[in-house]
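This report refers to the structure that appears directly beneath it.
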Amino acid sequence: MSALPASTPSAPAPARVPLLTVRGLDTFYGKIQALRGVDIDVNEGEIVTIIGANGAGKSTLMMTICGNPRAAKGQITYRGEDITRLPTHDIMSKDIAQSPEGRRVFPRMTVMENLQMGAVLTDPVHFDDDLKRVFSLFPRLKERAGQRGGTLSGGEQQMLAIGRALMSRPRLLLLDEPSLGLAPLIVKQIFDVIRELNRNEGLTVFLVEQNAFHALRLAHRGYVMVNGVITMTGTGRELLARKEVRSAYLEGGAH
Amino acid sequence: MSAIDPTAVEARPEGAQLKNEELRETARGEPPFAPEPILESRLQRSLREAALTAAVVAGLTLFFFAFRTDIGIGGLDLILQWPLWFVWIAIAFAARFVLSYFVYVPGRKLSDIVKRDKTATSPGAATGARWLGRAVGVVMLLIAATFPFLIETLLPSQDRYLIDLAILILTYVMLGWGLNIVVGLAGLLDLGYVAFYAVGAYSFALLATNFDLGFWVCLPMAGLFAAGWGIVLGFPVLRLRGDYLAIVTLAFGEIIRVILINWGNITGGPNGVLGIPKPTLFGLDFGRGEGSFSDFFGIPYSSIHRFIFLYYIILLLALLTNFVTLRLRKLPIGRAWEALREDEIACRALGLNTTNVKLTAFATGAMFGGFAGSFFATRQGFISPESFTFIESAIILAIVVLGGLGSQLGVVFASVVMIGGIELLRHLTILQAVFGSDFDPTQYRMLIFGLAMVGIMVWKPRGLISSRSPSAIYKEKKVIGADLVAQGEGH
């Protein structure tokens, strides 16, 4: 039990103003049903994580929120507006930003250009301030500003993907497996930044993670997904303490 | 629970990363420039080499340029052309001097400057390459701007042919630049680009012959028509990607051609459109007699004036294409095109409407194809569907791919090599000495063309110029060190 009590979960319990609500969501890939009646709530100022094994449907859930693939049934509401049927670009040009799975930085464009792409739909007057903010969150990106995205290390690419998402001044940040394939130290750095953003700026974060230990420690609330169904929910700490969670996702020692 | 000491686990990647970073530091710290040799000796050496080159050129060209014999009364007249000879020697001297002084520095290989793929991460190398690219661009622009006069001074006997060839090459440069927007920047493989070329050509030809409109009125209209067709085609098919898009555009190119052949009462069918007017300079035509260019300026009529005029029109049109492309690249829309080429899913995650972004690229490229088409029509005076076959699309695409996708300078090189190279084959009469007198080298141009393409793709798989210069540079004076600013990084 080395690390668990060491750092407290992010902010004090935020007020319950719903930002993103998912109700009874079904999604299919062809005939295969990937999501079965998923209910999720993300409140303003919260970090909410969804954990689960490979193929559980976590990323599908995030992609369905973004409008691709489309939901077969159910409703997705963002700030009271039904976004279930909107095309992806309309959803993403609300104040939602996504750091997609596998980072997807633009490999032949420089760090600077990648960040500019993040701000492509935002008012240019904010650009300098936003750039400064991203560079202060990730000083490494500033050093690499002129370097091509594809030549960055995995951790730097992840920072770039998050930085690019932040350039659009989001209220809700969707993160798809930011820890994928990264060294523990880098994972810690990135999660620290997410916590900082949430605590200092009240940014709402919806986090899809395999790294249950880190994710649950970071999040206010968590959901566990198995085969497209939400099986458990609770605060990050509650879930960390649950025996089923420990045996399924945390055995083999703390990371 | 943790059997392993966490600090040990965390320390290792830190160390590896540090090492990695050190490696990168050392890799980028060294610019490809060797320490500057003593200036005195460099100047002397350059002068010596330039003098040597000039002497060789003087010896070789003495009989070609200095003496000329013409048939005169009662035999041959010998004409001495000393100024022409001296001009050539001076050019050789100057060119060699510039090369010796700036490029062939001892201890620095030429390939160091040109090679970019491996060193592209190091800012020093990138700056060097960018500097070289800019220098080459400026020199080529100067040559292009003065080309007709250079030809008039240096090779007056072949002026008509050479200027005509230059017009042809520039037409392909312009088409290449136009297609570069679609294929190079936005990454949409378009095999039917010639369709827009045809739309532009026929728009102008039909407007001019039916409604008596002039070139300058029709030029923007032809561009708009082509852009309109770009949107009409693009709207349904731009959901497709890669190979599927290529097939549909290929089909579109053929459809346009078949329509032109079969819609006889409008387009003239296979007979094409005749009597397309020539462009005028503010109402001055380039014929003989009153109200013509030569009459207005009081200079003797010469048919070469029209060629020079056409040359400058296509040069301006091509430069316009280049200018617009370079400007757009620095604007959000141009950056979105490039981002789309890199990763469409990421673009959508950023809230871009990818269909619209593709449509703008398609329409912009088509518009420039339309401009080039109406220029083609006015230059030829006659167009028929035969000029717009698939091979034209293939040549334009080959120019873009061989030049390096997205590279403006590469398109110029590739056009000169491909179009100029095919022309050059006509003059390789030496091949007839080898293969017999009925050997026609131009019959083998497709073979040579194919071999050249295979060769370039083997040795330079990403095209002649494969690097991409960033469209934005992060500037903060305190962060970028003086060494970088000195090389032009911090501007």
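Labeling convention for the structure tokens: chains A, B, ... as they appear, residues from 1 per chain, ligands from 1 in order of appearance.
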Skipping near chain neighbours, those fewer than 5 positions away, what residues fall within 12 Å of Ala51 (chain B) using only C-alpha atoms, listed as a list in words? Gln44, Arg45, Ser46, Val56, Val57, Ala58, Ile89, Ala90, Ile91, Ala92, Phe93, Ala94, Ala95, Arg96, Phe97 and Ser100 of chain B
Taking the backbone alone, and naming residues the way the document does, which bits of region 84-211 of chain A are alpha helix (DSSP H) by DSSP, as a VMD selection string? chain A and resid 88 to 92 111 to 118 127 to 137 139 to 143 154 to 166 184 to 201
I want to know what sits within 12 Å of Asp129 (chain A), based on only C-alpha atoms, with residues of the same chain fewer than 3 positions away left out; could you give that as a list of chain:residue names? A:Ala119, A:Asp123, A:Pro124, A:Val125, A:His126, A:Lys132, A:Arg133, A:Val134, A:Phe135, A:Ser136, A:Leu166, A:Met167, A:Ser168, A:Arg169
Using N, CA and C atoms, can you export the residues from the last selection as a PDB file, in the first residue's frame?
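What ended up in selection.pdb:
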```
ATOM      1  N   ALA A 119      -6.346  25.056 -32.493  1.00  0.00           N
ATOM      2  CA  ALA A 119      -7.069  26.315 -32.317  1.00  0.00           C
ATOM      3  C   ALA A 119      -7.769  26.746 -33.585  1.00  0.00           C
ATOM      4  N   ASP A 123     -11.418  31.647 -31.739  1.00  0.00           N
ATOM      5  CA  ASP A 123     -11.113  33.033 -32.057  1.00  0.00           C
ATOM      6  C   ASP A 123      -9.609  33.272 -31.918  1.00  0.00           C
ATOM      7  N   PRO A 124      -8.956  33.776 -32.983  1.00  0.00           N
ATOM      8  CA  PRO A 124      -7.500  33.932 -32.944  1.00  0.00           C
ATOM      9  C   PRO A 124      -6.999  34.873 -31.843  1.00  0.00           C
ATOM     10  N   VAL A 125      -7.869  35.714 -31.275  1.00  0.00           N
ATOM     11  CA  VAL A 125      -7.371  36.634 -30.248  1.00  0.00           C
ATOM     12  C   VAL A 125      -6.874  35.875 -29.020  1.00  0.00           C
ATOM     13  N   HIS A 126      -7.404  34.668 -28.809  1.00  0.00           N
ATOM     14  CA  HIS A 126      -6.985  33.907 -27.628  1.00  0.00           C
ATOM     15  C   HIS A 126      -5.701  33.133 -27.868  1.00  0.00           C
ATOM     16  N   LYS A 132       0.613  30.097 -24.565  1.00  0.00           N
ATOM     17  CA  LYS A 132       1.427  30.270 -23.364  1.00  0.00           C
ATOM     18  C   LYS A 132       1.009  29.272 -22.286  1.00  0.00           C
ATOM     19  N   ARG A 133      -0.301  29.097 -22.168  1.00  0.00           N
ATOM     20  CA  ARG A 133      -0.821  28.180 -21.154  1.00  0.00           C
ATOM     21  C   ARG A 133      -0.352  26.750 -21.451  1.00  0.00           C
ATOM     22  N   VAL A 134      -0.460  26.326 -22.699  1.00  0.00           N
ATOM     23  CA  VAL A 134      -0.049  24.968 -23.053  1.00  0.00           C
ATOM     24  C   VAL A 134       1.450  24.798 -22.834  1.00  0.00           C
ATOM     25  N   PHE A 135       2.204  25.808 -23.195  1.00  0.00           N
ATOM     26  CA  PHE A 135       3.652  25.715 -23.022  1.00  0.00           C
ATOM     27  C   PHE A 135       4.041  25.722 -21.547  1.00  0.00           C
ATOM     28  N   SER A 136       3.228  26.384 -20.711  1.00  0.00           N
ATOM     29  CA  SER A 136       3.590  26.344 -19.289  1.00  0.00           C
ATOM     30  C   SER A 136       3.168  25.017 -18.669  1.00  0.00           C
ATOM     31  N   LEU A 166      -6.354  21.236 -25.794  1.00  0.00           N
ATOM     32  CA  LEU A 166      -6.596  22.387 -24.913  1.00  0.00           C
ATOM     33  C   LEU A 166      -6.637  23.697 -25.682  1.00  0.00           C
ATOM     34  N   MET A 167      -5.981  23.722 -26.864  1.00  0.00           N
ATOM     35  CA  MET A 167      -5.944  24.957 -27.643  1.00  0.00           C
ATOM     36  C   MET A 167      -7.328  25.403 -28.097  1.00  0.00           C
ATOM     37  N   SER A 168      -8.294  24.492 -28.068  1.00  0.00           N
ATOM     38  CA  SER A 168      -9.629  24.901 -28.505  1.00  0.00           C
ATOM     39  C   SER A 168     -10.457  25.401 -27.327  1.00  0.00           C
ATOM     40  N   ARG A 169      -9.822  25.692 -26.192  1.00  0.00           N
ATOM     41  CA  ARG A 169     -10.480  26.221 -24.985  1.00  0.00           C
ATOM     42  C   ARG A 169     -11.699  25.386 -24.588  1.00  0.00           C
TER      43      ARG A 169
END
```
Applying 7 Å and only C-alpha atoms, which residues near region 139-151 of chain A remain after dropping the ones on its own chain fewer than 3 positions away? List them as a PyMOL selection string. (chain A and resi 105-112+135-136+157+160) or (chain B and resi 121+473-474)
What lies within 9 Å of Lys94 (chain A) using only C-alpha atoms, ignoring chain neighbours under 6 positions off, as a count of residues only? 3
May I ask you to extract the residues of chain A within 7 Å of chain B, using only C-alpha atoms, and to give them as a VMD selection string? chain A and resid 1 to 2 88 to 90 92 to 93 97 to 98 104 106 to 107 109 to 110 112 to 113 117 to 118 120 145 to 147 183 to 185 253 to 254
Write out as a Markdown table a residue-level contact list of region 130-187 of chain A versus region 28-47 of chain A with cut-off 12 Å: for each qualifying residue the closest pair of atoms and the distance in Å to one decimal, counting only C-alpha atoms, rows sorted by chain and residue number upward.
```
| residue | atom | partner | partner_atom | distance |
| --- | --- | --- | --- | --- |
| A:Arg171 | CA | A:Glu44 | CA | 8.6 |
| A:Leu172 | CA | A:Glu44 | CA | 8.4 |
| A:Leu173 | CA | A:Ile47 | CA | 9.4 |
| A:Leu174 | CA | A:Ile47 | CA | 10.1 |
| A:Leu175 | CA | A:Ile47 | CA | 10.6 |
```
Once DSSP has gone over the backbone, tell me which residues of region 45-149 of chain A are in strand (DSSP E), as an mmCIF file with N, CA and C atoms, in the first residue's frame.
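Listing of states19.cif after writing:
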```cif
data_model
loop_
_atom_site.group_PDB
_atom_site.id
_atom_site.type_symbol
_atom_site.label_atom_id
_atom_site.label_comp_id
_atom_site.auth_asym_id
_atom_site.auth_seq_id
_atom_site.Cartn_x
_atom_site.Cartn_y
_atom_site.Cartn_z
ATOM 1 N N ILE A 47 -13.684 15.009 -12.629
ATOM 2 C CA ILE A 47 -12.933 14.084 -13.465
ATOM 3 C C ILE A 47 -13.648 12.748 -13.349
ATOM 4 N N VAL A 48 -14.147 12.244 -14.466
ATOM 5 C CA VAL A 48 -14.842 10.961 -14.466
ATOM 6 C C VAL A 48 -14.042 10.005 -15.326
ATOM 7 N N THR A 49 -13.810 8.813 -14.785
ATOM 8 C CA THR A 49 -13.046 7.861 -15.575
ATOM 9 C C THR A 49 -13.890 6.638 -15.856
ATOM 10 N N ILE A 50 -13.556 5.995 -16.947
ATOM 11 C CA ILE A 50 -14.204 4.729 -17.248
ATOM 12 C C ILE A 50 -13.092 3.731 -17.503
ATOM 13 N N ILE A 51 -13.103 2.651 -16.713
ATOM 14 C CA ILE A 51 -12.035 1.664 -16.847
ATOM 15 C C ILE A 51 -12.636 0.344 -17.304
ATOM 16 N N GLY A 52 -11.773 -0.496 -17.830
ATOM 17 C CA GLY A 52 -12.239 -1.779 -18.334
ATOM 18 C C GLY A 52 -11.134 -2.418 -19.155
ATOM 19 N N LYS A 73 -29.376 3.534 -30.265
ATOM 20 C CA LYS A 73 -30.461 3.826 -29.340
ATOM 21 C C LYS A 73 -29.901 4.653 -28.199
ATOM 22 N N GLY A 74 -30.766 5.385 -27.525
ATOM 23 C CA GLY A 74 -30.316 6.137 -26.373
ATOM 24 C C GLY A 74 -30.105 7.600 -26.704
ATOM 25 N N GLN A 75 -29.652 8.333 -25.695
ATOM 26 C CA GLN A 75 -29.545 9.770 -25.866
ATOM 27 C C GLN A 75 -28.273 10.296 -25.217
ATOM 28 N N ILE A 76 -27.624 11.215 -25.897
ATOM 29 C CA ILE A 76 -26.446 11.886 -25.350
ATOM 30 C C ILE A 76 -26.787 13.372 -25.260
ATOM 31 N N THR A 77 -26.652 13.921 -24.080
ATOM 32 C CA THR A 77 -26.984 15.325 -23.882
ATOM 33 C C THR A 77 -25.758 16.068 -23.395
ATOM 34 N N TYR A 78 -25.479 17.189 -24.019
ATOM 35 C CA TYR A 78 -24.379 18.023 -23.554
ATOM 36 C C TYR A 78 -24.937 19.392 -23.220
ATOM 37 N N GLU A 81 -28.400 20.003 -24.284
ATOM 38 C CA GLU A 81 -28.733 19.901 -25.703
ATOM 39 C C GLU A 81 -28.508 18.473 -26.169
ATOM 40 N N ASP A 82 -29.456 17.959 -26.927
ATOM 41 C CA ASP A 82 -29.331 16.595 -27.439
ATOM 42 C C ASP A 82 -28.341 16.591 -28.603
ATOM 43 N N ILE A 96 -16.150 21.085 -26.585
ATOM 44 C CA ILE A 96 -15.665 19.744 -26.251
ATOM 45 C C ILE A 96 -14.371 19.536 -27.022
ATOM 46 N N ALA A 97 -13.364 18.977 -26.374
ATOM 47 C CA ALA A 97 -12.141 18.664 -27.107
ATOM 48 C C ALA A 97 -11.760 17.235 -26.796
ATOM 49 N N GLN A 98 -11.109 16.596 -27.761
ATOM 50 C CA GLN A 98 -10.765 15.198 -27.574
ATOM 51 C C GLN A 98 -9.296 14.984 -27.875
ATOM 52 N N SER A 99 -8.667 14.200 -27.022
ATOM 53 C CA SER A 99 -7.342 13.694 -27.357
ATOM 54 C C SER A 99 -7.569 12.244 -27.757
#
```
Using Å and a single decimal, report how far CA of Ala195 (chain B) sits from CA of Ile256 (chain B).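 These atoms are spaced 6.0 Å apart.
The shell of residues at most 12 Å from Thr84 (chain A), with only C-alpha atoms counted and near chain neighbours (fewer than 4 positions) removed, consists of A:Leu20, A:Thr21, A:Val22, A:Arg23, A:Gly24, A:Leu25, A:Asp26, A:Thr27, A:Met63, A:Thr64, A:Ile65, A:Cys66, A:Gly67, A:Asn68, A:Pro69, A:Arg70, A:Ala71, A:Ala72, A:Lys73, A:Gly74, A:Gln75, A:Ile76, A:Thr77, A:Tyr78, A:Gly80, A:Thr88, A:Asp90, A:Ile91.
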Just the selected residues (C-alpha atoms), exported as an mmCIF file, in the first residue's frame, please.
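Output below, filename selection_19.cif:
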```cif
data_model
loop_
_atom_site.group_PDB
_atom_site.id
_atom_site.type_symbol
_atom_site.label_atom_id
_atom_site.label_comp_id
_atom_site.auth_asym_id
_atom_site.auth_seq_id
_atom_site.Cartn_x
_atom_site.Cartn_y
_atom_site.Cartn_z
ATOM 1 C CA LEU A 20 -22.641 15.426 -20.233
ATOM 2 C CA THR A 21 -25.359 12.835 -19.800
ATOM 3 C CA VAL A 22 -25.561 9.500 -21.550
ATOM 4 C CA ARG A 23 -28.774 7.487 -21.214
ATOM 5 C CA GLY A 24 -29.460 3.951 -22.429
ATOM 6 C CA LEU A 25 -26.848 4.051 -25.164
ATOM 7 C CA ASP A 26 -26.605 1.164 -27.643
ATOM 8 C CA THR A 27 -23.961 1.110 -30.342
ATOM 9 C CA MET A 63 -16.345 7.677 -30.097
ATOM 10 C CA THR A 64 -20.132 7.415 -29.896
ATOM 11 C CA ILE A 65 -20.216 10.561 -27.794
ATOM 12 C CA CYS A 66 -18.233 12.187 -30.631
ATOM 13 C CA GLY A 67 -20.759 10.981 -33.168
ATOM 14 C CA ASN A 68 -18.826 8.272 -35.003
ATOM 15 C CA PRO A 69 -20.112 5.503 -34.863
ATOM 16 C CA ARG A 70 -23.652 6.704 -34.378
ATOM 17 C CA ALA A 71 -25.724 5.590 -31.432
ATOM 18 C CA ALA A 72 -28.371 3.052 -32.387
ATOM 19 C CA LYS A 73 -30.461 3.826 -29.340
ATOM 20 C CA GLY A 74 -30.316 6.137 -26.373
ATOM 21 C CA GLN A 75 -29.545 9.770 -25.866
ATOM 22 C CA ILE A 76 -26.446 11.886 -25.350
ATOM 23 C CA THR A 77 -26.984 15.325 -23.882
ATOM 24 C CA TYR A 78 -24.379 18.023 -23.554
ATOM 25 C CA GLY A 80 -28.992 20.224 -21.918
ATOM 26 C CA THR A 88 -18.955 14.816 -35.536
ATOM 27 C CA ASP A 90 -20.660 19.941 -35.010
ATOM 28 C CA ILE A 91 -20.216 18.079 -31.742
#
```
Would you kindly return, as a list in words, each protein, DNA or RNA residue with an atom no farther than 10 Å from any atom of Asp159 (chain B), considering only C-alpha atoms and excluding same-chain residues fewer than 6 positions away?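 Neighbouring residues, sequence-local ones excluded: Pro148, Phe149, Leu150, Ile151, Glu152, Thr153, Leu165, Ile304, Phe307 and Ile308 of chain B.
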Generate the output file for the selected residues, C-alpha atoms, as a PDB file, in the first residue's frame.
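Output file result38.pdb is given in full below:
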```pdb
ATOM      1  CA  PRO B 148      12.751  35.894 -73.468  1.00  0.00           C
ATOM      2  CA  PHE B 149      15.393  38.612 -73.409  1.00  0.00           C
ATOM      3  CA  LEU B 150      18.106  36.187 -72.422  1.00  0.00           C
ATOM      4  CA  ILE B 151      17.116  34.041 -75.386  1.00  0.00           C
ATOM      5  CA  GLU B 152      16.998  37.052 -77.703  1.00  0.00           C
ATOM      6  CA  THR B 153      20.510  37.995 -76.676  1.00  0.00           C
ATOM      7  CA  LEU B 165       9.051  25.332 -75.227  1.00  0.00           C
ATOM      8  CA  ILE B 304       8.095  36.751 -81.712  1.00  0.00           C
ATOM      9  CA  PHE B 307       5.266  34.491 -78.092  1.00  0.00           C
ATOM     10  CA  ILE B 308       6.931  36.747 -75.573  1.00  0.00           C
TER      11      ILE B 308
END
```
The residue from B:Leu238, B:Ile266, B:Ala198, B:Ile261 with the smallest atom-to-atom distance to Ala226 (chain B), counting only C-alpha atoms, is B:Ala198
Which residue, A:Arg246, A:Arg16, A:Lys58, A:Arg103, has the smallest gap to Asn227 (chain A) when you use only C-alpha atoms? A:Lys58
CA of Glu209 (chain A) and CA of Asn54 (chain A) are how many Å apart?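 Between CA of Glu209 (chain A) and CA of Asn54 (chain A) the gap works out to 10.0 Å.
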